[in-house]
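Enquirer: final-v9.cif is reproduced in full below (mmCIF, C-alpha atoms and all ligand atoms).
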data_final
loop_
_atom_site.label_atom_id
_atom_site.label_comp_id
_atom_site.auth_asym_id
_atom_site.auth_seq_id
_atom_site.Cartn_x
_atom_site.Cartn_y
_atom_site.Cartn_z
CA MET X 1 -27.81 23.57 5.78
CA PRO X 2 -27.86 21.09 2.86
CA GLY X 3 -24.44 19.67 2.05
CA PHE X 4 -23.01 20.57 5.43
CA ALA X 5 -22.74 18.29 8.43
CA ARG X 6 -24.87 19.26 11.44
CA LEU X 7 -23.05 19.32 14.75
CA LYS X 8 -24.77 17.20 17.40
CA ASP X 9 -24.61 17.82 21.16
CA SER X 10 -22.38 14.81 21.67
CA TYR X 11 -20.95 11.79 19.89
CA ASP X 12 -19.57 8.41 20.80
CA LEU X 13 -16.29 9.41 19.17
CA VAL X 14 -14.59 12.60 18.15
CA ILE X 15 -11.94 11.91 15.51
CA VAL X 16 -9.36 14.62 14.89
CA GLY X 17 -7.66 14.28 11.50
CA GLY X 18 -9.31 12.88 8.38
CA GLY X 19 -6.45 11.32 6.45
CA HIS X 20 -6.36 7.58 5.80
CA ALA X 21 -6.51 6.69 9.51
CA GLY X 22 -9.19 9.19 10.57
CA LEU X 23 -11.47 8.37 7.61
CA GLN X 24 -11.21 4.65 8.35
CA ALA X 25 -11.99 5.36 12.02
CA GLY X 26 -15.11 7.28 10.96
CA LEU X 27 -16.29 4.51 8.64
CA LYS X 28 -15.70 1.80 11.23
CA ALA X 29 -17.56 3.79 13.90
CA ALA X 30 -20.59 4.02 11.59
CA LEU X 31 -20.46 0.30 10.79
CA LEU X 32 -20.48 -0.45 14.51
CA GLY X 33 -23.54 1.72 15.06
CA GLN X 34 -21.56 4.46 16.76
CA THR X 35 -21.75 8.19 16.09
CA ALA X 36 -18.66 10.22 15.31
CA ALA X 37 -17.62 13.77 14.55
CA LEU X 38 -14.72 13.70 12.09
CA LEU X 39 -12.77 16.96 12.02
CA ASP X 40 -10.30 17.47 9.18
CA ARG X 41 -8.29 20.39 7.81
CA GLY X 42 -8.68 18.91 4.31
CA PRO X 43 -7.23 16.09 2.22
CA LYS X 44 -4.43 18.26 0.81
CA TYR X 45 -2.87 18.17 4.30
CA SER X 46 -2.71 14.37 4.27
CA ARG X 47 0.80 13.00 3.77
CA SER X 48 -0.27 10.88 0.82
CA TYR X 49 -2.04 13.64 -1.09
CA TYR X 50 1.06 14.21 -3.21
CA ALA X 51 1.92 10.52 -3.68
CA PRO X 52 1.42 9.88 -7.41
CA THR X 53 1.45 6.07 -7.25
CA MET X 54 1.23 3.78 -4.28
CA ASP X 55 1.98 0.11 -4.95
CA ASN X 56 1.06 -1.53 -1.62
CA ILE X 57 -2.67 -0.86 -1.54
CA PRO X 58 -4.68 -4.09 -1.75
CA GLY X 59 -7.17 -4.13 -4.63
CA PHE X 60 -5.14 -1.77 -6.84
CA PRO X 61 -2.60 -3.96 -8.68
CA GLU X 62 -1.69 -1.09 -11.03
CA GLY X 63 -1.18 1.25 -8.08
CA ILE X 64 -3.33 4.22 -7.00
CA SER X 65 -2.52 7.83 -6.18
CA GLY X 66 -2.89 9.16 -2.64
CA HIS X 67 -5.56 11.70 -3.54
CA LYS X 68 -7.69 9.12 -5.41
CA LEU X 69 -7.54 6.80 -2.43
CA LEU X 70 -8.54 9.65 -0.10
CA ASP X 71 -11.46 10.48 -2.44
CA LEU X 72 -12.66 6.87 -2.22
CA GLN X 73 -12.42 6.88 1.57
CA ILE X 74 -14.21 10.25 1.79
CA ALA X 75 -17.03 8.91 -0.42
CA ALA X 76 -17.46 5.93 1.94
CA VAL X 77 -17.63 8.25 4.98
CA ARG X 78 -20.12 10.55 3.26
CA ARG X 79 -22.39 7.57 2.60
CA ALA X 80 -22.47 7.08 6.38
CA GLU X 81 -23.46 10.69 7.11
CA GLU X 82 -26.32 9.68 9.42
CA ALA X 83 -23.73 8.45 11.90
CA VAL X 84 -20.62 10.44 10.98
CA GLY X 85 -20.50 14.22 10.81
CA TYR X 86 -17.62 15.01 8.42
CA PHE X 87 -16.50 18.57 9.19
CA THR X 88 -14.02 19.97 6.67
CA PRO X 89 -12.14 22.22 6.29
CA ALA X 90 -12.07 22.25 10.08
CA ARG X 91 -9.06 22.85 12.25
CA ALA X 92 -9.03 21.48 15.79
CA GLY X 93 -7.25 23.60 18.37
CA ARG X 94 -7.94 23.05 22.05
CA VAL X 95 -8.87 19.69 23.56
CA GLU X 96 -10.11 19.28 27.12
CA ARG X 97 -11.03 16.35 29.30
CA THR X 98 -14.59 16.57 30.62
CA GLU X 99 -16.56 14.48 33.12
CA THR X 100 -18.03 12.44 30.28
CA GLY X 101 -15.07 12.34 27.87
CA PHE X 102 -13.48 15.02 25.71
CA ALA X 103 -14.37 18.41 24.26
CA VAL X 104 -12.61 19.51 21.07
CA THR X 105 -12.75 23.14 20.03
CA PHE X 106 -12.48 23.59 16.27
CA GLU X 107 -12.81 26.26 13.63
CA TRP X 108 -15.31 25.55 10.89
CA LEU X 109 -17.07 27.92 8.48
CA LYS X 110 -15.21 30.83 10.14
CA GLN X 111 -16.72 30.08 13.54
CA GLU X 112 -15.57 28.29 16.64
CA HIS X 113 -17.46 25.10 17.59
CA VAL X 114 -17.08 22.38 20.21
CA ALA X 115 -17.43 18.67 19.47
CA ARG X 116 -17.98 16.47 22.51
CA GLY X 117 -17.36 12.75 22.62
CA ARG X 118 -17.10 9.85 25.02
CA ALA X 119 -13.79 8.89 23.37
CA LEU X 120 -11.24 10.77 21.28
CA VAL X 121 -9.26 9.36 18.36
CA LEU X 122 -6.22 11.41 17.39
CA ALA X 123 -5.36 10.84 13.70
CA LEU X 124 -3.37 13.99 13.03
CA GLY X 125 -0.53 12.45 11.01
CA VAL X 126 2.89 14.05 10.67
CA VAL X 127 4.27 16.55 8.13
CA ASP X 128 7.42 16.04 6.03
CA ARG X 129 10.10 18.72 5.96
CA ILE X 130 10.39 19.94 2.36
CA PRO X 131 13.71 21.21 0.98
CA GLU X 132 13.72 25.00 0.79
CA VAL X 133 15.22 26.27 -2.44
CA ALA X 134 15.73 30.03 -2.79
CA GLY X 135 13.53 30.49 0.28
CA LYS X 136 10.58 28.50 -1.16
CA ILE X 137 9.35 24.97 -0.48
CA ASP X 138 7.26 24.63 -3.64
CA THR X 139 10.21 24.59 -6.09
CA ILE X 140 10.48 20.81 -5.74
CA PHE X 141 6.72 20.05 -5.88
CA PRO X 142 6.49 19.34 -9.66
CA TRP X 143 9.28 16.74 -9.34
CA ALA X 144 7.64 15.23 -6.25
CA ASN X 145 4.19 15.17 -7.90
CA GLN X 146 5.62 13.17 -10.80
CA GLY X 147 7.33 10.72 -8.48
CA ILE X 148 10.82 11.86 -9.57
CA VAL X 149 11.57 12.87 -5.96
CA ASP X 150 10.49 10.49 -3.20
CA PHE X 151 10.12 10.93 0.56
CA CYS X 152 9.47 7.48 1.98
CA ILE X 153 11.86 4.54 1.66
CA LEU X 154 9.24 1.99 2.78
CA CYS X 155 6.86 3.31 0.12
CA ASP X 156 9.13 3.90 -2.85
CA GLY X 157 12.49 2.20 -2.17
CA HIS X 158 11.56 -0.57 -4.63
CA GLN X 159 11.42 1.99 -7.44
CA LEU X 160 15.08 2.94 -7.02
CA THR X 161 16.58 -0.29 -8.38
CA GLY X 162 18.95 0.42 -11.29
CA LYS X 163 18.65 4.20 -10.79
CA SER X 164 21.12 6.93 -9.84
CA VAL X 165 19.73 8.55 -6.68
CA ALA X 166 20.42 11.95 -5.10
CA VAL X 167 19.63 11.98 -1.38
CA ILE X 168 18.87 15.45 0.01
CA GLY X 169 20.10 16.02 3.58
CA HIS X 170 23.28 16.46 5.58
CA ASP X 171 22.72 14.79 8.95
CA ALA X 172 23.00 11.26 10.35
CA PHE X 173 19.41 10.50 9.28
CA ALA X 174 20.18 11.47 5.68
CA VAL X 175 23.42 9.46 5.66
CA ARG X 176 21.63 6.40 7.08
CA THR X 177 18.90 6.82 4.47
CA ALA X 178 21.56 6.94 1.70
CA LEU X 179 23.07 3.73 3.07
CA ASP X 180 19.64 2.07 3.44
CA ILE X 181 18.80 2.86 -0.19
CA LEU X 182 21.72 0.61 -1.25
CA HIS X 183 19.53 -2.35 -0.25
CA PHE X 184 17.41 -1.64 -3.35
CA ARG X 185 20.47 -1.86 -5.67
CA PRO X 186 20.58 1.62 -7.22
CA THR X 187 23.42 2.26 -9.73
CA SER X 188 24.73 5.08 -7.48
CA VAL X 189 23.81 7.19 -4.45
CA HIS X 190 25.01 10.76 -3.90
CA LEU X 191 24.25 13.13 -1.00
CA LEU X 192 23.22 16.76 -1.57
CA THR X 193 23.82 18.55 1.74
CA HIS X 194 22.35 21.86 0.46
CA GLY X 195 24.93 24.19 1.99
CA ARG X 196 25.44 22.31 5.27
CA PRO X 197 28.70 20.51 6.10
CA LEU X 198 28.20 16.75 5.86
CA LEU X 199 27.32 15.28 9.29
CA ASP X 200 27.45 18.71 10.90
CA GLY X 201 26.27 18.23 14.51
CA THR X 202 26.62 14.43 14.54
CA PRO X 203 28.68 13.42 17.57
CA GLU X 204 31.69 11.07 17.51
CA PRO X 205 32.14 8.15 17.16
CA ASP X 206 28.95 8.03 15.02
CA ALA X 207 30.20 10.66 12.55
CA SER X 208 33.43 8.75 11.83
CA ALA X 209 31.59 5.43 11.49
CA LEU X 210 29.09 6.95 9.05
CA ARG X 211 31.87 8.64 7.03
CA ALA X 212 33.68 5.30 6.80
CA ALA X 213 30.47 3.58 5.60
CA LEU X 214 29.96 6.26 2.94
CA GLY X 215 33.57 5.78 1.76
CA GLU X 216 33.21 2.01 1.71
CA HIS X 217 30.12 2.22 -0.54
CA GLY X 218 31.42 5.02 -2.80
CA ILE X 219 28.71 7.51 -1.74
CA GLY X 220 29.95 11.04 -2.47
CA SER X 221 28.43 14.37 -1.53
CA THR X 222 27.93 17.88 -2.89
CA GLU X 223 27.82 20.71 -0.32
CA SER X 224 26.95 23.62 -2.61
CA PRO X 225 23.34 24.80 -1.98
CA MET X 226 20.74 23.72 -4.55
CA ALA X 227 19.62 26.73 -6.63
CA GLY X 228 16.95 25.08 -8.80
CA PHE X 229 15.83 21.96 -10.64
CA ASP X 230 15.37 21.00 -14.30
CA GLU X 231 15.01 18.05 -16.72
CA ILE X 232 11.41 17.34 -15.68
CA ARG X 233 10.47 16.61 -19.31
CA GLU X 234 13.12 13.93 -19.42
CA HIS X 235 11.60 12.60 -16.17
CA ARG X 236 14.94 13.18 -14.43
CA PHE X 237 16.09 15.09 -11.36
CA GLY X 238 18.44 17.76 -12.73
CA VAL X 239 19.96 19.97 -10.02
CA ARG X 240 21.54 23.39 -10.52
CA PHE X 241 23.86 24.42 -7.70
CA ALA X 242 24.72 27.87 -6.33
CA ASP X 243 28.36 27.44 -7.47
CA GLY X 244 27.16 27.20 -11.10
CA SER X 245 27.59 23.43 -11.44
CA HIS X 246 24.86 21.01 -12.53
CA ARG X 247 24.22 17.32 -11.92
CA SER X 248 21.62 14.95 -13.30
CA PHE X 249 20.09 11.96 -11.47
CA ASP X 250 17.36 9.44 -12.27
CA ARG X 251 15.71 10.13 -8.91
CA GLY X 252 15.84 12.44 -5.92
CA PHE X 253 15.07 11.37 -2.37
CA SER X 254 14.35 13.90 0.35
CA ALA X 255 15.69 12.73 3.72
CA LEU X 256 15.01 15.78 5.88
CA GLY X 257 12.77 14.18 8.50
CA TRP X 258 9.67 15.83 9.91
CA TYR X 259 8.57 19.45 9.89
CA ASP X 260 5.71 18.91 12.35
CA MET X 261 4.97 15.86 14.53
CA HIS X 262 1.59 17.35 15.56
CA ASP X 263 2.46 16.87 19.22
CA ALA X 264 0.62 19.89 20.71
CA ILE X 265 -2.75 18.17 21.34
CA PRO X 266 -1.34 14.85 22.61
CA ARG X 267 1.15 16.76 24.78
CA ALA X 268 -1.64 18.84 26.33
CA LEU X 269 -3.45 15.59 27.16
CA GLY X 270 -0.39 14.15 28.95
CA CYS X 271 0.60 11.53 26.37
CA ARG X 272 3.94 9.74 26.40
CA PHE X 273 6.24 10.12 23.36
CA ASP X 274 8.96 7.79 22.10
CA PRO X 275 12.50 9.14 21.40
CA ASP X 276 11.54 9.83 17.75
CA GLY X 277 8.61 12.01 18.84
CA TYR X 278 5.70 9.60 18.16
CA VAL X 279 2.83 9.04 20.61
CA VAL X 280 3.28 5.77 22.53
CA THR X 281 0.23 3.50 22.60
CA ASP X 282 -0.64 -0.01 23.68
CA GLU X 283 -1.67 -2.59 21.07
CA ASP X 284 -5.25 -1.30 21.07
CA CYS X 285 -3.86 2.15 20.19
CA ARG X 286 -4.77 3.57 23.62
CA ALA X 287 -2.47 6.51 24.31
CA ILE X 288 -0.19 5.94 27.29
CA ALA X 289 -0.02 8.60 30.02
CA ASP X 290 3.49 9.90 30.52
CA ALA X 291 2.93 10.30 34.27
CA THR X 292 1.68 6.78 35.01
CA GLY X 293 2.62 4.54 32.08
CA GLU X 294 -1.07 3.46 31.99
CA PRO X 295 -3.54 3.99 29.10
CA ILE X 296 -5.46 7.27 29.26
CA PRO X 297 -9.16 6.26 29.38
CA GLY X 298 -10.94 6.97 26.10
CA LEU X 299 -7.92 8.41 24.29
CA TYR X 300 -6.54 6.73 21.15
CA ALA X 301 -3.73 7.64 18.72
CA VAL X 302 -3.74 6.06 15.25
CA GLY X 303 -1.91 6.30 11.92
CA ASP X 304 1.41 8.08 11.50
CA LEU X 305 0.98 9.97 14.80
CA ARG X 306 1.65 6.83 16.85
CA ASN X 307 4.83 4.81 17.02
CA GLY X 308 4.60 2.53 13.98
CA TRP X 309 5.64 2.27 10.33
CA ASN X 310 3.95 5.23 8.63
CA GLN X 311 2.12 3.19 6.02
CA ILE X 312 -1.52 3.34 4.90
CA PRO X 313 -2.42 -0.29 5.67
CA GLU X 314 -1.11 0.36 9.17
CA ALA X 315 -3.14 3.59 9.41
CA TRP X 316 -6.24 1.55 8.58
CA ALA X 317 -5.37 -1.27 10.97
CA THR X 318 -4.70 1.08 13.88
CA ALA X 319 -7.95 2.96 13.20
CA GLU X 320 -9.88 -0.33 13.27
CA ARG X 321 -8.21 -1.42 16.52
CA ALA X 322 -8.94 1.88 18.25
CA VAL X 323 -12.58 2.09 17.19
CA ILE X 324 -13.29 -1.56 17.99
CA HIS X 325 -11.70 -1.08 21.42
CA ALA X 326 -13.75 2.08 22.08
CA TYR X 327 -16.93 0.24 20.99
CA ALA X 328 -16.15 -2.81 23.14
CA SER X 329 -15.44 -0.58 26.16
CA TYR X 330 -18.79 1.09 25.60
CA LEU X 331 -20.60 -2.26 25.53
C1 LIG N 1 5.34 11.10 -0.96
C2 LIG N 1 4.72 10.04 -0.08
C3 LIG N 1 4.42 8.82 -0.62
C4 LIG N 1 3.83 7.83 0.18
N1 LIG N 1 3.56 6.63 -0.39
C5 LIG N 1 2.98 5.66 0.34
C6 LIG N 1 2.73 4.39 -0.23
O1 LIG N 1 3.04 4.14 -1.40
N2 LIG N 1 2.16 3.46 0.57
C7 LIG N 1 1.83 3.69 1.88
O2 LIG N 1 1.31 2.79 2.54
N3 LIG N 1 2.08 4.88 2.45
C8 LIG N 1 2.64 5.87 1.72
N4 LIG N 1 2.94 7.08 2.31
C9 LIG N 1 2.66 7.25 3.74
C10 LIG N 1 1.18 7.58 3.97
O3 LIG N 1 0.88 8.76 3.25
C11 LIG N 1 0.91 7.79 5.45
O4 LIG N 1 1.31 6.63 6.18
C12 LIG N 1 -0.59 8.03 5.69
O5 LIG N 1 -1.00 9.19 5.01
C13 LIG N 1 -0.85 8.17 7.19
O6 LIG N 1 -2.22 8.41 7.40
P1 LIG N 1 -2.68 9.31 8.64
O7 LIG N 1 -4.17 9.34 8.55
O8 LIG N 1 -2.02 8.88 9.86
O9 LIG N 1 -2.11 10.76 8.32
P2 LIG N 1 -2.44 11.69 7.09
O10 LIG N 1 -2.93 10.91 5.92
O11 LIG N 1 -1.23 12.54 6.90
O12 LIG N 1 -3.67 12.57 7.57
C14 LIG N 1 -3.59 13.45 8.67
C15 LIG N 1 -4.80 14.38 8.59
O13 LIG N 1 -4.87 15.13 9.78
C16 LIG N 1 -5.40 16.40 9.47
N5 LIG N 1 -5.03 17.34 10.54
C17 LIG N 1 -3.80 17.60 11.04
N6 LIG N 1 -3.89 18.50 12.04
C18 LIG N 1 -5.21 18.78 12.18
C19 LIG N 1 -5.95 19.64 13.05
N7 LIG N 1 -5.37 20.39 13.99
N8 LIG N 1 -7.31 19.71 12.89
C20 LIG N 1 -7.93 18.97 11.93
N9 LIG N 1 -7.27 18.15 11.09
C21 LIG N 1 -5.95 18.06 11.22
C22 LIG N 1 -4.81 16.75 8.11
O14 LIG N 1 -5.67 17.61 7.40
C23 LIG N 1 -4.72 15.36 7.43
O15 LIG N 1 -5.83 15.17 6.57
C24 LIG N 1 3.53 8.09 1.54
C25 LIG N 1 3.83 9.34 2.09
C26 LIG N 1 4.43 10.31 1.29
C27 LIG N 1 4.74 11.65 1.88
#
Rewrite the structure from the file as structure tokens, please.
Expert:
Amino acid sequence: MPGFARLKDSYDLVIVGGGHAGLQAGLKAALLGQTAALLDRGPKYSRSYYAPTMDNIPGFPEGISGHKLLDLQIAAVRRAEEAVGYFTPARAGRVERTETGFAVTFEWLKQEHVARGRALVLALGVVDRIPEVAGKIDTIFPWANQGIVDFCILCDGHQLTGKSVAVIGHDAFAVRTALDILHFRPTSVHLLTHGRPLLDGTPEPDASALRAALGEHGIGSTESPMAGFDEIREHRFGVRFADGSHRSFDRGFSALGWYDMHDAIPRALGCRFDPDGYVVTDEDCRAIADATGEPIPGLYAVGDLRNGWNQIPEAWATAERAVIHAYASYL
């Protein structure tokens, strides 16, 4: 069918996930004369899709948005369509080892298909937990889309200098994030625990040490649940609380951790995970088997899914390493 990829009997690589890492893996496979099936749910499921400006992307000194960068990567993959079948929106479910490699069952155009490959590159990414306000996660989206609320300290910490910052979260991770933000010299940091007692569930002596650090740096907290947001026109993060009070900040920062680490497929394949829940790989991004501590032949994990720094240049670099390793193994 014109415009749609045609599924071949088998590929050199099957790539699951078409965010920044998976798209780069597809492009690199094509450049190395390899074939690949690239299965992706769609760019709006990529972590960066809602990043309005990214400042660390080489070649874009004025910054570039996540969705524009994805569009550019998708265009490059589409130009290589002879070699790379780009299947989207496609959702991969089951993955099995076969005698010759891997078989990935996926849903595409309302039907189930199987993509077979000698090697498998997992580029599933991870999903941020979004604050739920009045039972909905989308209340905060307009503020996030305008970059008034951030999610990633490595990405946007530099934009917090000279700003008052509200950090959303109640646990040790949120408190450590609030303390880490001080490095960027904000005017103030305040925690919004959204109805949870501060440091609820954090064991001693960590809880006392973190409380002392908050006190030392003058970081206060508000426990009342957030009921809604305002001041978007002023490009500020205004927060209305359930107790009727209101506070206004230059920026919000959501420090709620991950909603989904996409561990089902790597777990089914016997991968090892680090204590934070990321897939452990060697330096060629070969996934390590939990049972043996050895690389699983033909299986790679790249981008945010693997233990690394959750940044786009790293997603690209890990994709390159994995595909070059798979190609060299094939030779
Ligand atoms: C608000 C925000 C701002 C950011 N800003 C920056 C920045 O300025 N600079 C920077 O370097 N990084 C930034 N990041 C981090 C960056 O977005 C991630 O490091 C990057 O997206 C990781 O790429 P990835 O390919 O590993 O995962 P993703 O880009 O998240 O892509 C994963 C893909 O997997 C697909 N997928 C998942 N499950 C399945 C399945 N079962 N079947 C098929 N497809 C599936 C999804 O559709 C998605 O397209 C930011 C992140 C956020 C949230």
Enquirer: Can I get the residues of chain X within 6 Å of ligand LIG 1 (chain N), each with the closest pair of atoms and their distance in Å to one decimal, using only C-alpha atoms and all ligand atoms, sorted chain first then ascending number, as CSV?
Expert:
residue,atom,partner,partner_atom,distance
X:Val16,CA,N:LIG1,C20,5.5
X:Gly17,CA,N:LIG1,O13,3.4
X:Gly18,CA,N:LIG1,O15,4.5
X:Gly19,CA,N:LIG1,O12,3.2
X:His20,CA,N:LIG1,O7,3.9
X:Ala21,CA,N:LIG1,O7,3.7
X:Gly22,CA,N:LIG1,O7,5.4
X:Leu39,CA,N:LIG1,C20,5.2
X:Asp40,CA,N:LIG1,N9,3.6
X:Arg41,CA,N:LIG1,O14,3.8
X:Gly42,CA,N:LIG1,O14,4.5
X:Pro43,CA,N:LIG1,O15,4.7
X:Tyr45,CA,N:LIG1,O14,4.2
X:Ser46,CA,N:LIG1,O11,3.5
X:Arg47,CA,N:LIG1,O11,3.8
X:Ser48,CA,N:LIG1,O3,3.4
X:Tyr50,CA,N:LIG1,C1,5.7
X:Ala51,CA,N:LIG1,C3,4.3
X:Met54,CA,N:LIG1,O1,3.4
X:Asp55,CA,N:LIG1,O1,5.5
X:Asn56,CA,N:LIG1,N2,5.6
X:Ala90,CA,N:LIG1,C20,5.6
X:Arg91,CA,N:LIG1,N8,3.7
X:Ala92,CA,N:LIG1,N8,3.8
X:Gly93,CA,N:LIG1,N7,5.7
X:Ala123,CA,N:LIG1,O8,5.5
X:Leu124,CA,N:LIG1,O13,3.8
X:Gly125,CA,N:LIG1,O9,3.5
X:Val126,CA,N:LIG1,O11,5.8
X:Asp150,CA,N:LIG1,C1,5.6
X:Phe151,CA,N:LIG1,C1,5.0
X:Cys152,CA,N:LIG1,C2,5.8
X:Cys155,CA,N:LIG1,O1,4.2
X:Gly303,CA,N:LIG1,O8,3.3
X:Asp304,CA,N:LIG1,O8,3.9
X:Leu305,CA,N:LIG1,O8,5.9
X:Asn310,CA,N:LIG1,O4,3.9
X:Gln311,CA,N:LIG1,O4,3.5
X:Ile312,CA,N:LIG1,O2,3.7
X:Pro313,CA,N:LIG1,O2,5.8
X:Ala315,CA,N:LIG1,O6,5.3
Enquirer: Applying 8 Å and all atoms listed in the file, which residues near X:Leu192 remain after dropping the ones on its own chain fewer than 3 positions away? List them as a count of residues only.
Expert: 10
Enquirer: Using all atoms listed in the file, can you tell me which of X:Leu160, X:Ile265, X:Ala119, X:Ala227 comes closest to X:Gly135?
Expert: X:Ala227
Enquirer: Take atom CA of X:Ala301 and atom CA of X:Ala319 and report the distance between them in Å, one decimal.
Expert: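 So the answer is 8.4 Å.
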Enquirer: Choose the residue, out of X:Leu256, X:Val302, X:Ala178, X:Ala326, that has the smallest atom-to-atom separation from X:Asp128; count all atoms listed in the file.
Expert: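 Closest to X:Asp128, using all atoms listed in the file: X:Leu256.
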Enquirer: Using the file's own x, y and z axes, so that the box edges lie along x, y and z, what centre and edge lengths in Å (one decimal) does a box around every listed atom of stretch 94-109 of chain X get when 3 Å is added on each side? Give it as AutoDock Vina command-line options.
Expert:
--center_x -13.0 --center_y 20.1 --center_z 20.8 --size_x 16.1 --size_y 21.6 --size_z 30.6
Enquirer: Excluding same-chain residues fewer than 6 positions from X:Gly157, what lies within 12 Å of it counting all atoms listed in the file, as a list of chain:residue names?
Expert: X:Met54, X:Asp55, X:Gly147, X:Val149, X:Asp150, X:Phe151, X:Lys163, X:Val165, X:Thr177, X:Ala178, X:Leu179, X:Asp180, X:Ile181, X:Leu182, X:His183, X:Phe184, X:Arg185, X:Pro186, X:Arg251, X:Gly252, X:Phe253
Enquirer: To one decimal place, how far is atom CA of X:Glu283 from atom CA of X:Ile324 in Å?
Expert: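 For atom CA of X:Glu283 relative to atom CA of X:Ile324, the distance reads 12.1 Å.
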Enquirer: Closest to X:Asn307 among X:Ala328, X:Phe87, X:Asp290, X:Asp282, using only C-alpha atoms?
Expert: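 That would be X:Asp282, the residue with the smallest distance to X:Asn307.
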Enquirer: Could you check how far atom CA of X:Pro89 sits from atom CA of X:Tyr278, in Å to one decimal?
Expert: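 Answer for the atom CA of X:Pro89 to atom CA of X:Tyr278 separation: 24.9 Å.
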Enquirer: X:Arg247: which residues within 8 Å, counting all atoms listed in the file, same-chain residues fewer than 5 positions away excluded, as a VMD selection string?
Expert: chain X and resid 238 to 240
Enquirer: Env of X:Ser164: 7 Å cut, atoms = only C-alpha atoms, seq-sep filter 4 positions within chain, self excluded. Answer as a list in words.
Expert: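 Here the answer would be Pro186, Thr187, Ser188, Val189, Phe249, Asp250 and Arg251 of chain X.
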